[in-house]
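Enquirer: So I've got this file, entry.tsv, and it contains TSV, C-alpha atoms and all ligand atoms:
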chain	number	residue	atom	x	y	z
A	633	MET	CA	-5.37	15.72	-36.97
A	634	PRO	CA	-8.62	14.15	-38.29
A	635	ALA	CA	-11.86	16.10	-38.69
A	636	GLY	CA	-13.74	16.49	-35.44
A	637	TYR	CA	-10.63	17.49	-33.43
A	638	PRO	CA	-10.61	21.27	-33.84
A	639	HIS	CA	-7.86	22.03	-31.38
A	640	GLN	CA	-5.14	20.20	-29.51
A	641	ASN	CA	-6.76	20.68	-26.08
A	642	SER	CA	-9.72	18.48	-26.94
A	643	VAL	CA	-7.25	15.63	-27.38
A	644	VAL	CA	-5.67	16.29	-23.97
A	645	PHE	CA	-9.07	15.81	-22.29
A	646	MET	CA	-10.18	13.04	-24.63
A	647	LEU	CA	-9.18	10.25	-22.26
A	648	GLU	CA	-10.60	11.73	-19.05
A	649	THR	CA	-13.02	9.50	-17.22
A	650	ASP	CA	-14.72	9.39	-13.87
A	651	ILE	CA	-15.76	6.49	-11.77
A	652	CYS	CA	-17.80	6.84	-8.58
A	653	GLY	CA	-16.61	10.40	-8.06
A	654	LEU	CA	-12.93	9.76	-8.84
A	655	ARG	CA	-11.63	11.79	-11.77
A	656	LEU	CA	-8.99	10.02	-13.84
A	657	GLU	CA	-6.88	11.72	-16.52
A	658	ASN	CA	-6.89	8.46	-18.45
A	659	PRO	CA	-8.75	5.17	-17.88
A	660	THR	CA	-5.76	2.99	-16.89
A	661	ILE	CA	-5.41	1.87	-13.27
A	662	LEU	CA	-2.71	-0.22	-11.60
A	663	ALA	CA	-4.36	-3.47	-10.36
A	664	SER	CA	-4.03	-4.62	-6.76
A	665	GLY	CA	-0.99	-6.66	-5.77
A	666	ILE	CA	1.11	-5.50	-8.71
A	667	LEU	CA	3.89	-3.22	-7.38
A	668	GLY	CA	1.46	-2.06	-4.70
A	669	ASN	CA	3.24	-3.13	-1.51
A	670	VAL	CA	5.03	0.15	-0.89
A	671	GLY	CA	4.10	3.76	-1.45
A	672	SER	CA	7.16	4.63	-3.51
A	673	SER	CA	6.25	2.04	-6.17
A	674	LEU	CA	2.70	3.36	-6.34
A	675	ARG	CA	4.05	6.91	-6.69
A	676	ARG	CA	6.37	5.73	-9.49
A	677	VAL	CA	3.48	4.08	-11.35
A	678	ALA	CA	1.37	7.22	-10.97
A	679	ARG	CA	4.19	9.36	-12.35
A	680	ALA	CA	4.62	6.87	-15.20
A	681	GLY	CA	1.12	7.71	-16.41
A	682	ALA	CA	-1.46	5.56	-14.59
A	683	GLY	CA	-4.83	7.30	-14.14
A	684	ALA	CA	-5.11	5.80	-10.63
A	685	VAL	CA	-3.41	3.14	-8.52
A	686	VAL	CA	-4.70	0.35	-6.27
A	687	THR	CA	-2.66	-0.84	-3.29
A	688	LYS	CA	-1.86	-4.46	-2.51
A	689	SER	CA	-4.74	-5.95	-0.50
A	690	ILE	CA	-4.19	-4.95	3.11
A	691	GLY	CA	-5.60	-6.80	6.12
A	692	LYS	CA	-5.84	-6.33	9.87
A	693	GLN	CA	-2.51	-7.93	10.67
A	694	ALA	CA	0.79	-8.50	8.89
A	695	ARG	CA	0.88	-11.85	7.05
A	696	GLU	CA	3.82	-13.64	5.52
A	697	GLY	CA	1.85	-15.53	2.89
A	698	TYR	CA	2.52	-18.85	1.20
A	699	LYS	CA	5.87	-20.49	0.54
A	700	ASN	CA	7.64	-20.18	-2.81
A	701	PRO	CA	7.11	-20.37	-5.68
A	702	THR	CA	4.28	-17.84	-5.40
A	703	VAL	CA	4.22	-16.50	-8.98
A	704	ILE	CA	4.95	-18.45	-12.17
A	705	LYS	CA	4.66	-17.64	-15.85
A	706	ILE	CA	2.77	-20.16	-17.94
A	707	GLU	CA	2.19	-20.20	-21.70
A	708	GLN	CA	-1.12	-18.33	-21.50
A	709	GLY	CA	-0.51	-15.94	-18.60
A	710	TYR	CA	0.59	-16.02	-14.96
A	711	LEU	CA	-0.36	-18.07	-11.92
A	712	ASN	CA	0.01	-16.69	-8.41
A	713	ALA	CA	-0.66	-17.81	-4.87
A	714	ILE	CA	0.67	-15.11	-2.57
A	715	GLY	CA	-1.56	-15.90	0.40
A	716	LEU	CA	-2.53	-12.28	1.11
A	717	ALA	CA	0.98	-11.40	2.31
A	718	ASN	CA	0.88	-7.79	3.53
A	719	PRO	CA	2.34	-5.50	6.23
A	720	GLY	CA	-0.98	-4.99	8.11
A	721	VAL	CA	-3.14	-1.86	8.02
A	722	ASP	CA	-1.67	-0.13	11.09
A	723	ASP	CA	1.72	0.20	9.43
A	724	PHE	CA	0.43	1.29	6.01
A	725	GLY	CA	-0.25	4.99	6.65
A	726	GLU	CA	3.17	6.23	5.52
A	727	GLU	CA	2.90	4.19	2.31
A	728	ILE	CA	-0.42	5.85	1.45
A	729	LYS	CA	1.07	9.28	2.14
A	730	THR	CA	3.94	8.55	-0.25
A	731	ALA	CA	1.61	7.03	-2.86
A	732	LYS	CA	-0.52	10.19	-2.85
A	733	GLU	CA	2.50	12.25	-3.90
A	734	GLY	CA	1.98	10.64	-7.31
A	735	GLY	CA	-0.94	13.03	-7.82
A	736	VAL	CA	-3.56	10.47	-8.91
A	737	PRO	CA	-6.37	8.79	-6.94
A	738	VAL	CA	-5.10	6.08	-4.58
A	739	ILE	CA	-7.53	3.21	-4.08
A	740	GLY	CA	-6.94	1.14	-0.95
A	741	SER	CA	-7.56	-2.56	-1.48
A	742	ILE	CA	-8.59	-4.34	1.71
A	743	PHE	CA	-9.51	-7.84	2.84
A	744	GLY	CA	-10.80	-9.44	6.01
A	745	PHE	CA	-11.75	-12.86	7.29
A	746	SER	CA	-14.96	-11.52	8.82
A	747	VAL	CA	-17.31	-8.60	8.25
A	748	ARG	CA	-16.01	-6.99	11.43
A	749	GLU	CA	-12.42	-7.20	10.18
A	750	PHE	CA	-13.38	-5.62	6.85
A	751	VAL	CA	-15.06	-2.72	8.67
A	752	SER	CA	-12.10	-2.20	10.96
A	753	VAL	CA	-9.54	-2.18	8.12
A	754	ALA	CA	-11.80	0.04	5.99
A	755	GLY	CA	-11.94	2.70	8.70
A	756	LYS	CA	-8.17	2.68	9.15
A	757	MET	CA	-7.53	2.92	5.42
A	758	GLU	CA	-9.94	5.86	5.22
A	759	ASP	CA	-8.01	7.51	8.05
A	760	HIS	CA	-4.77	6.89	6.12
A	761	GLY	CA	-6.23	9.08	3.35
A	762	VAL	CA	-7.12	6.73	0.48
A	763	ASP	CA	-9.53	8.19	-2.08
A	764	ALA	CA	-11.66	5.03	-2.32
A	765	LEU	CA	-11.71	1.46	-1.09
A	766	GLU	CA	-11.63	-1.69	-3.18
A	767	LEU	CA	-12.93	-4.73	-1.30
A	768	ASN	CA	-11.05	-7.90	-2.19
A	769	LEU	CA	-13.93	-10.29	-1.64
A	770	SER	CA	-11.95	-13.31	-2.84
A	771	CYS	CA	-11.11	-14.43	0.65
A	772	PRO	CA	-12.74	-16.90	3.01
A	773	ASN	CA	-15.10	-15.89	5.79
A	774	VAL	CA	-13.88	-17.79	8.83
A	775	GLY	CA	-17.27	-17.57	10.54
A	776	LYS	CA	-19.13	-19.25	7.67
A	777	ALA	CA	-17.15	-22.48	7.25
A	778	GLY	CA	-14.64	-20.76	4.98
A	779	ALA	CA	-17.21	-19.70	2.35
A	780	PHE	CA	-15.72	-17.05	0.09
A	781	PHE	CA	-17.35	-13.62	0.48
A	782	SER	CA	-17.68	-13.08	-3.26
A	783	THR	CA	-19.31	-16.40	-4.05
A	784	THR	CA	-22.57	-15.89	-2.15
A	785	GLU	CA	-25.01	-13.02	-2.52
A	786	GLU	CA	-25.70	-12.95	1.24
A	787	LEU	CA	-22.06	-12.60	2.33
A	788	THR	CA	-21.36	-10.07	-0.42
A	789	TYR	CA	-24.37	-7.97	0.60
A	790	GLU	CA	-23.46	-8.18	4.27
A	791	VAL	CA	-19.85	-7.06	3.89
A	792	VAL	CA	-20.50	-4.32	1.31
A	793	LYS	CA	-23.37	-2.86	3.36
A	794	ALA	CA	-21.34	-2.93	6.58
A	795	VAL	CA	-18.37	-1.16	4.97
A	796	LYS	CA	-20.61	1.35	3.14
A	797	ASP	CA	-22.32	2.22	6.42
A	798	SER	CA	-18.99	2.80	8.16
A	799	VAL	CA	-17.01	5.01	5.74
A	800	SER	CA	-17.67	8.15	3.71
A	801	ILE	CA	-15.39	7.42	0.73
A	802	PRO	CA	-16.51	5.45	-2.37
A	803	VAL	CA	-16.57	1.67	-2.01
A	804	ILE	CA	-15.70	-0.57	-4.97
A	805	ALA	CA	-16.23	-4.34	-4.76
A	806	LYS	CA	-13.82	-6.56	-6.68
A	807	LEU	CA	-15.66	-9.60	-7.97
A	808	THR	CA	-14.56	-13.04	-9.06
A	809	ALA	CA	-15.92	-15.02	-11.99
A	810	ASN	CA	-15.38	-18.17	-9.88
A	811	THR	CA	-19.03	-18.09	-8.95
A	812	GLY	CA	-22.22	-19.48	-10.42
A	813	ASP	CA	-23.62	-16.08	-11.37
A	814	ILE	CA	-21.43	-12.97	-11.23
A	815	VAL	CA	-24.39	-10.77	-12.20
A	816	ALA	CA	-26.33	-11.92	-9.12
A	817	ILE	CA	-23.31	-11.02	-6.97
A	818	ALA	CA	-23.06	-7.61	-8.65
A	819	LYS	CA	-26.77	-7.05	-7.97
A	820	ALA	CA	-26.15	-7.86	-4.29
A	821	CYS	CA	-23.43	-5.18	-4.32
A	822	GLU	CA	-25.85	-2.72	-5.89
A	823	ARG	CA	-28.54	-3.44	-3.28
A	824	ALA	CA	-25.94	-2.85	-0.57
A	825	GLY	CA	-25.19	0.61	-1.97
A	826	CYS	CA	-21.82	-0.20	-3.54
A	827	ASP	CA	-20.42	2.66	-5.65
A	828	ALA	CA	-18.76	0.54	-8.37
A	829	VAL	CA	-17.41	-2.94	-9.06
A	830	THR	CA	-14.15	-4.24	-10.49
A	831	ALA	CA	-14.50	-7.33	-12.68
A	832	ILE	CA	-12.62	-9.65	-12.42
A	833	ASN	CA	-10.13	-11.07	-9.93
A	834	THR	CA	-7.95	-14.05	-10.89
A	835	LEU	CA	-9.49	-17.43	-11.81
A	836	LYS	CA	-8.69	-20.56	-9.81
A	837	ALA	CA	-6.01	-22.56	-11.64
A	838	MET	CA	-3.14	-25.02	-11.29
A	839	LYS	CA	0.08	-26.01	-13.09
A	840	ILE	CA	1.61	-29.45	-12.61
A	841	ASP	CA	5.29	-30.25	-13.07
A	842	ILE	CA	4.90	-33.54	-14.91
A	843	VAL	CA	8.50	-34.65	-14.28
A	844	ALA	CA	8.29	-34.08	-10.53
A	845	GLY	CA	4.69	-35.24	-10.54
A	846	MET	CA	3.52	-32.39	-8.32
A	847	PRO	CA	1.90	-28.96	-8.50
A	848	VAL	CA	4.38	-26.14	-9.18
A	849	LEU	CA	3.01	-23.43	-6.86
A	850	GLY	CA	3.94	-23.63	-3.18
A	851	ASN	CA	0.21	-23.46	-2.38
A	852	LYS	CA	-0.55	-25.97	-5.18
A	853	ILE	CA	-3.58	-23.97	-6.41
A	854	GLY	CA	-3.48	-20.31	-7.35
A	855	GLY	CA	-5.09	-17.56	-9.41
A	856	LEU	CA	-4.77	-17.14	-13.17
A	857	SER	CA	-4.07	-13.72	-14.72
A	858	GLY	CA	-3.15	-12.33	-18.12
A	859	PRO	CA	-4.39	-12.56	-21.71
A	860	CYS	CA	-6.02	-15.97	-21.18
A	861	ILE	CA	-8.64	-14.55	-18.78
A	862	LYS	CA	-9.54	-11.50	-20.89
A	863	PRO	CA	-12.56	-13.02	-22.70
A	864	VAL	CA	-14.02	-14.16	-19.36
A	865	ALA	CA	-13.44	-10.68	-17.90
A	866	VAL	CA	-14.94	-8.88	-20.91
A	867	ALA	CA	-18.07	-11.07	-20.75
A	868	SER	CA	-18.40	-10.37	-17.02
A	869	VAL	CA	-18.15	-6.61	-17.57
A	870	TYR	CA	-20.65	-6.75	-20.45
A	871	GLU	CA	-23.24	-8.64	-18.41
A	872	ILE	CA	-22.84	-6.55	-15.25
A	873	VAL	CA	-23.20	-3.33	-17.25
A	874	LYS	CA	-26.27	-4.70	-19.04
A	875	GLU	CA	-27.99	-5.97	-15.90
A	876	THR	CA	-27.14	-3.33	-13.28
A	877	GLY	CA	-26.68	0.41	-13.02
A	878	LEU	CA	-23.24	0.02	-11.45
A	879	PRO	CA	-20.14	1.69	-12.88
A	880	VAL	CA	-17.67	-1.08	-13.75
A	881	ILE	CA	-13.87	-1.21	-13.86
A	882	GLY	CA	-12.62	-3.96	-16.20
A	883	CYS	CA	-9.69	-6.13	-15.14
A	884	GLY	CA	-8.03	-9.18	-16.65
A	885	GLY	CA	-5.55	-9.44	-19.48
A	886	VAL	CA	-5.13	-5.81	-20.54
A	887	THR	CA	-1.78	-5.51	-22.29
A	888	THR	CA	-2.56	-3.15	-25.17
A	889	GLY	CA	-4.84	-0.23	-25.99
A	890	GLU	CA	-6.94	-2.58	-28.10
A	891	ASP	CA	-7.52	-4.82	-25.07
A	892	ALA	CA	-8.62	-1.74	-23.11
A	893	VAL	CA	-10.95	-0.64	-25.94
A	894	GLU	CA	-12.70	-4.03	-25.74
A	895	PHE	CA	-13.42	-3.51	-22.05
A	896	LEU	CA	-14.55	0.09	-22.62
A	897	MET	CA	-16.85	-0.99	-25.46
A	898	ALA	CA	-18.29	-3.67	-23.16
A	899	GLY	CA	-19.19	-0.79	-20.84
A	900	ALA	CA	-16.26	-0.44	-18.42
A	901	ARG	CA	-15.47	3.15	-17.39
A	902	ALA	CA	-11.81	2.30	-16.75
A	903	VAL	CA	-9.48	-0.71	-16.85
A	904	GLN	CA	-6.98	-2.13	-14.40
A	905	ILE	CA	-3.65	-3.47	-15.57
A	906	GLY	CA	-1.91	-6.24	-13.65
A	907	VAL	CA	0.60	-8.65	-15.15
A	908	GLY	CA	0.77	-6.53	-18.29
A	909	VAL	CA	3.30	-4.51	-16.25
A	910	ALA	CA	5.63	-7.53	-16.28
A	911	ASP	CA	5.40	-7.71	-20.06
A	912	ARG	CA	5.65	-4.01	-21.01
A	913	GLY	CA	7.18	-2.34	-17.92
A	914	ILE	CA	5.64	0.55	-15.98
A	915	GLY	CA	5.50	2.58	-19.20
A	916	ILE	CA	2.48	0.38	-20.06
A	917	PHE	CA	-0.02	2.89	-18.65
A	918	ARG	CA	1.11	5.74	-20.89
A	919	LYS	CA	1.44	3.34	-23.84
A	920	VAL	CA	-2.05	1.86	-23.40
A	921	ALA	CA	-3.55	5.36	-22.96
A	922	GLY	CA	-1.80	6.49	-26.15
A	923	GLU	CA	-3.03	3.43	-28.02
A	924	ILE	CA	-6.63	4.04	-26.87
A	925	GLU	CA	-6.35	7.63	-28.08
A	926	GLU	CA	-4.94	6.50	-31.41
A	927	PHE	CA	-7.78	3.98	-31.84
A	928	MET	CA	-10.33	6.69	-31.08
A	929	LYS	CA	-8.84	9.07	-33.61
A	930	ASP	CA	-8.59	6.37	-36.28
A	931	HIS	CA	-12.21	5.33	-35.76
A	932	GLY	CA	-13.83	8.73	-35.21
A	933	TYR	CA	-14.59	8.54	-31.48
A	934	ARG	CA	-14.43	12.07	-30.04
A	935	SER	CA	-14.74	11.22	-26.37
A	936	LEU	CA	-14.37	8.26	-24.06
A	937	GLU	CA	-18.12	8.51	-23.36
A	938	GLU	CA	-18.77	7.63	-27.01
A	939	LEU	CA	-16.58	4.55	-26.67
A	940	ILE	CA	-17.89	3.37	-23.30
A	941	GLY	CA	-20.61	0.79	-23.88
A	942	ALA	CA	-20.40	1.06	-27.68
A	943	ALA	CA	-20.78	-2.72	-27.97
A	944	GLN	CA	-23.80	-2.90	-25.67
A	945	GLY	CA	-26.13	-2.34	-28.63
B	1001	LIG	C1	1.35	-11.40	-8.10
B	1001	LIG	C2	-0.08	-11.00	-8.01
B	1001	LIG	C3	-0.60	-10.52	-6.82
B	1001	LIG	C4	-1.93	-10.13	-6.72
B	1001	LIG	N1	-2.40	-9.64	-5.53
B	1001	LIG	C5	-3.70	-9.21	-5.45
B	1001	LIG	C6	-4.19	-8.64	-4.25
B	1001	LIG	O1	-3.49	-8.48	-3.26
B	1001	LIG	N2	-5.50	-8.26	-4.24
B	1001	LIG	C7	-6.35	-8.38	-5.31
B	1001	LIG	O2	-7.51	-7.98	-5.24
B	1001	LIG	N3	-5.88	-8.89	-6.49
B	1001	LIG	C8	-4.59	-9.32	-6.56
B	1001	LIG	N4	-4.12	-9.83	-7.75
B	1001	LIG	C9	-5.03	-9.90	-8.92
B	1001	LIG	C10	-4.85	-8.68	-9.84
B	1001	LIG	O3	-5.15	-7.48	-9.18
B	1001	LIG	C11	-5.76	-8.81	-11.08
B	1001	LIG	O4	-7.11	-8.90	-10.66
B	1001	LIG	C12	-5.43	-10.04	-11.91
B	1001	LIG	O5	-4.04	-10.24	-12.01
B	1001	LIG	C13	-6.05	-9.95	-13.33
B	1001	LIG	O6	-5.55	-8.85	-14.03
B	1001	LIG	P1	-4.33	-8.98	-15.10
B	1001	LIG	O7	-4.69	-10.08	-16.03
B	1001	LIG	O8	-4.26	-7.63	-15.74
B	1001	LIG	O9	-3.11	-9.30	-14.28
B	1001	LIG	C14	-2.79	-10.23	-7.87
B	1001	LIG	C15	-2.27	-10.70	-9.07
B	1001	LIG	C16	-0.94	-11.10	-9.16
B	1001	LIG	C17	-0.41	-11.59	-10.48
Let's see the structure in the file written out as structure tokens.
Expert:
Amino acid sequence: MPAGYPHQNSVVFMLETDICGLRLENPTILASGILGNVGSSLRRVARAGAGAVVTKSIGKQAREGYKNPTVIKIEQGYLNAIGLANPGVDDFGEEIKTAKEGGVPVIGSIFGFSVREFVSVAGKMEDHGVDALELNLSCPNVGKAGAFFSTTEELTYEVVKAVKDSVSIPVIAKLTANTGDIVAIAKACERAGCDAVTAINTLKAMKIDIVAGMPVLGNKIGGLSGPCIKPVAVASVYEIVKETGLPVIGCGGVTTGEDAVEFLMAGARAVQIGVGVADRGIGIFRKVAGEIEEFMKDHGYRSLEELIGAAQG
């Protein structure tokens, strides 16, 4: 054991982090929509070493989503267009109960097509017992000509403030980089009293089958995930941390401990892992945590706090 690690216990607590009142044993979190449809999968991921888990985005009513194919692998990552398929919030209580048996914080991801719908689903998820809410703002507001919540400061402020005023658990806003200025959107979240932000959701993208002469995804256009979006995500985290006082969760392209270290050095307090699970299995959380710890030991970082924001200068 290198100098600076006097006893084994300091290593056990080395990876602990907290984000808006949630205590995580390590900074890896299952991202929304990845194995998060049922409680037993979330419980399995928690037991496999994730520091926290996020549910699939849940809305007011059950939705079937788009037609197949909904997820495809491309050279640089994955494309998906699920269409917010979900069982509806009223039937999700048992799943949350099961997920909580995993023993780590359960973050309920929610969406709505209006501010009122967000507030209604938020209250029900709180009643189901989630530890925090993550607002999936990458969905259209039906009342405002289909404008996406997360692409305008006004809509973002309105929905975050309304949810914050209606629940007593922490509220995290998940932001997209498909906007002119993600920092301005983060500042709107901060003004609305948001407790933290997750950066980033998928980026709008398309794959064309050149033999068939048509888009591959059933919905034609989808969201891009995986290693190819990591530099965009890291830059978003870096700028939000620099320009706001918000705690940030990094998301986009984390497959290894070194990827996670980049996000932490940019200032993230934790990272979410999505399609990395497809590449390394559910053991990825324990592996990434172990790799972060190894990096810290090799480079003389004694606590996660020393690592967080190290590249902010
Ligand atoms: C199949 C699939 C389903 C997803 N469903 C959701 C969802 O319901 N809500 C949400 O906020 N993000 C959803 N996402 C986005 C992920 O949570 C994550 O933001 C994105 O994949 C980037 O992280 P990654 O590169 O680690 O996968 C989904 C992604 C994929 C691949």
Enquirer: Dump the neighbourhood of ligand LIG 1001 (chain B) as an MDAnalysis selection string: all residues within 8 Å, distances computed on all atoms listed in the file.
Expert: chainID A and resid 663:666 687:690 702:703 709:714 716:717 741:742 766:770 806 831:834 855:862 883:887 904:908
Enquirer: If you count only C-alpha atoms, which residues fall within 9 Å of A:Glu875, apart from same-chain ones fewer than 2 positions away, as a PyMOL selection string?
Expert: chain A and resi 815+818-819+870-873+877-878
Enquirer: Can you tell me which residues surround stretch 796-801 of chain A at a distance of at most 7 Å, considering all atoms listed in the file, apart from same-chain residues fewer than 6 positions away, and format the answer as a list of chain:residue names?
Expert: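 Selected residues are A:Val751, A:Gly755, A:Asp763, A:Ala764, A:Gly825, A:Cys826.
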Enquirer: Atom CA of A:Phe645 and atom CA of A:Ser672 are how many Å apart?
Expert: 27.2 Å
Enquirer: Calculated over all atoms listed in the file, which of the candidates A:Val721, A:Ile853, A:Ile804, A:Ala682 has the smallest distance to A:Pro659?
Expert: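 So, comparing all the options, the nearest one is A:Ala682.
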Enquirer: Looking at A:Ser868, A:Ala898, A:Val762, A:Phe750, which one is nearest to A:Lys729, with distances taken over all atoms listed in the file?
Expert: A:Val762
Enquirer: From the set A:Ile728, A:Val792, A:Leu835, A:Leu765, which residue has the shortest atom-to-atom contact distance to A:Ser746, counting all atoms listed in the file?
Expert: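 Distance minimum relative to A:Ser746 lands on A:Val792.
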Enquirer: State, in Å with one decimal place, the distance from atom CA of A:Lys839 to atom CA of A:Gly854.
Expert: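 So the answer is 8.8 Å.
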Enquirer: Quick one: residues within 12 Å of A:Thr784, only C-alpha atoms counted, chain neighbours fewer than 3 positions away excluded, as a VMD selection string?
Expert: chain A and resid 769 to 773 776 778 to 781 787 to 791 807 to 821
Enquirer: Would you mind reading off the distance between atom CA of A:Gly653 and atom CA of A:Pro802, one decimal, in Å?
Expert: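 Result for atom CA of A:Gly653 versus atom CA of A:Pro802: 7.5 Å, one decimal.
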Enquirer: Would you please work out which residue, of A:Lys756, A:Arg934, A:Lys874, A:Lys699, is nearest to A:Gly715 when using only C-alpha atoms?
Expert: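 When distances to A:Gly715 are compared using only C-alpha atoms, the smallest one comes from A:Lys699.
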Enquirer: So, with only C-alpha atoms as the atoms that count, which of A:Arg748, A:Lys732, A:Lys919, A:Arg655 lies closest to A:Val670?
Expert: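 Of A:Arg748, A:Lys732, A:Lys919, A:Arg655, the one nearest A:Val670, counting only C-alpha atoms, is A:Lys732.
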Enquirer: Find, counting all atoms listed in the file, the residue in A:Gly681, A:Pro719, A:Gly671, A:Gly691 that gets nearest to A:Phe917.
Expert: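 Checking each candidate against A:Phe917, we get A:Gly681 as the closest.
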Enquirer: Set the distance at 12 Å and use all atoms listed in the file: which residues neighbour A:Thr660 once local chain neighbours fewer than 6 positions away are removed? I'd like the list as a ChimeraX atom specification.
Expert: /A:647-651,677-678,680-686,736-737,881-883,886-889,891-893,895-896,900-906,908-909,914-924
Enquirer: Okay, now the selection with C-alpha atoms, as a PDB file, in the coordinates of the input?
Expert:
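That gives us out.pdb:
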ATOM      1  CA  LEU A 647      -9.180  10.250 -22.260  1.00  0.00           C
ATOM      2  CA  GLU A 648     -10.600  11.730 -19.050  1.00  0.00           C
ATOM      3  CA  THR A 649     -13.020   9.500 -17.220  1.00  0.00           C
ATOM      4  CA  ASP A 650     -14.720   9.390 -13.870  1.00  0.00           C
ATOM      5  CA  ILE A 651     -15.760   6.490 -11.770  1.00  0.00           C
ATOM      6  CA  VAL A 677       3.480   4.080 -11.350  1.00  0.00           C
ATOM      7  CA  ALA A 678       1.370   7.220 -10.970  1.00  0.00           C
ATOM      8  CA  ALA A 680       4.620   6.870 -15.200  1.00  0.00           C
ATOM      9  CA  GLY A 681       1.120   7.710 -16.410  1.00  0.00           C
ATOM     10  CA  ALA A 682      -1.460   5.560 -14.590  1.00  0.00           C
ATOM     11  CA  GLY A 683      -4.830   7.300 -14.140  1.00  0.00           C
ATOM     12  CA  ALA A 684      -5.110   5.800 -10.630  1.00  0.00           C
ATOM     13  CA  VAL A 685      -3.410   3.140  -8.520  1.00  0.00           C
ATOM     14  CA  VAL A 686      -4.700   0.350  -6.270  1.00  0.00           C
ATOM     15  CA  VAL A 736      -3.560  10.470  -8.910  1.00  0.00           C
ATOM     16  CA  PRO A 737      -6.370   8.790  -6.940  1.00  0.00           C
ATOM     17  CA  ILE A 881     -13.870  -1.210 -13.860  1.00  0.00           C
ATOM     18  CA  GLY A 882     -12.620  -3.960 -16.200  1.00  0.00           C
ATOM     19  CA  CYS A 883      -9.690  -6.130 -15.140  1.00  0.00           C
ATOM     20  CA  VAL A 886      -5.130  -5.810 -20.540  1.00  0.00           C
ATOM     21  CA  THR A 887      -1.780  -5.510 -22.290  1.00  0.00           C
ATOM     22  CA  THR A 888      -2.560  -3.150 -25.170  1.00  0.00           C
ATOM     23  CA  GLY A 889      -4.840  -0.230 -25.990  1.00  0.00           C
ATOM     24  CA  ASP A 891      -7.520  -4.820 -25.070  1.00  0.00           C
ATOM     25  CA  ALA A 892      -8.620  -1.740 -23.110  1.00  0.00           C
ATOM     26  CA  VAL A 893     -10.950  -0.640 -25.940  1.00  0.00           C
ATOM     27  CA  PHE A 895     -13.420  -3.510 -22.050  1.00  0.00           C
ATOM     28  CA  LEU A 896     -14.550   0.090 -22.620  1.00  0.00           C
ATOM     29  CA  ALA A 900     -16.260  -0.440 -18.420  1.00  0.00           C
ATOM     30  CA  ARG A 901     -15.470   3.150 -17.390  1.00  0.00           C
ATOM     31  CA  ALA A 902     -11.810   2.300 -16.750  1.00  0.00           C
ATOM     32  CA  VAL A 903      -9.480  -0.710 -16.850  1.00  0.00           C
ATOM     33  CA  GLN A 904      -6.980  -2.130 -14.400  1.00  0.00           C
ATOM     34  CA  ILE A 905      -3.650  -3.470 -15.570  1.00  0.00           C
ATOM     35  CA  GLY A 906      -1.910  -6.240 -13.650  1.00  0.00           C
ATOM     36  CA  GLY A 908       0.770  -6.530 -18.290  1.00  0.00           C
ATOM     37  CA  VAL A 909       3.300  -4.510 -16.250  1.00  0.00           C
ATOM     38  CA  ILE A 914       5.640   0.550 -15.980  1.00  0.00           C
ATOM     39  CA  GLY A 915       5.500   2.580 -19.200  1.00  0.00           C
ATOM     40  CA  ILE A 916       2.480   0.380 -20.060  1.00  0.00           C
ATOM     41  CA  PHE A 917      -0.020   2.890 -18.650  1.00  0.00           C
ATOM     42  CA  ARG A 918       1.110   5.740 -20.890  1.00  0.00           C
ATOM     43  CA  LYS A 919       1.440   3.340 -23.840  1.00  0.00           C
ATOM     44  CA  VAL A 920      -2.050   1.860 -23.400  1.00  0.00           C
ATOM     45  CA  ALA A 921      -3.550   5.360 -22.960  1.00  0.00           C
ATOM     46  CA  GLY A 922      -1.800   6.490 -26.150  1.00  0.00           C
ATOM     47  CA  GLU A 923      -3.030   3.430 -28.020  1.00  0.00           C
ATOM     48  CA  ILE A 924      -6.630   4.040 -26.870  1.00  0.00           C
TER      49      ILE A 924
END
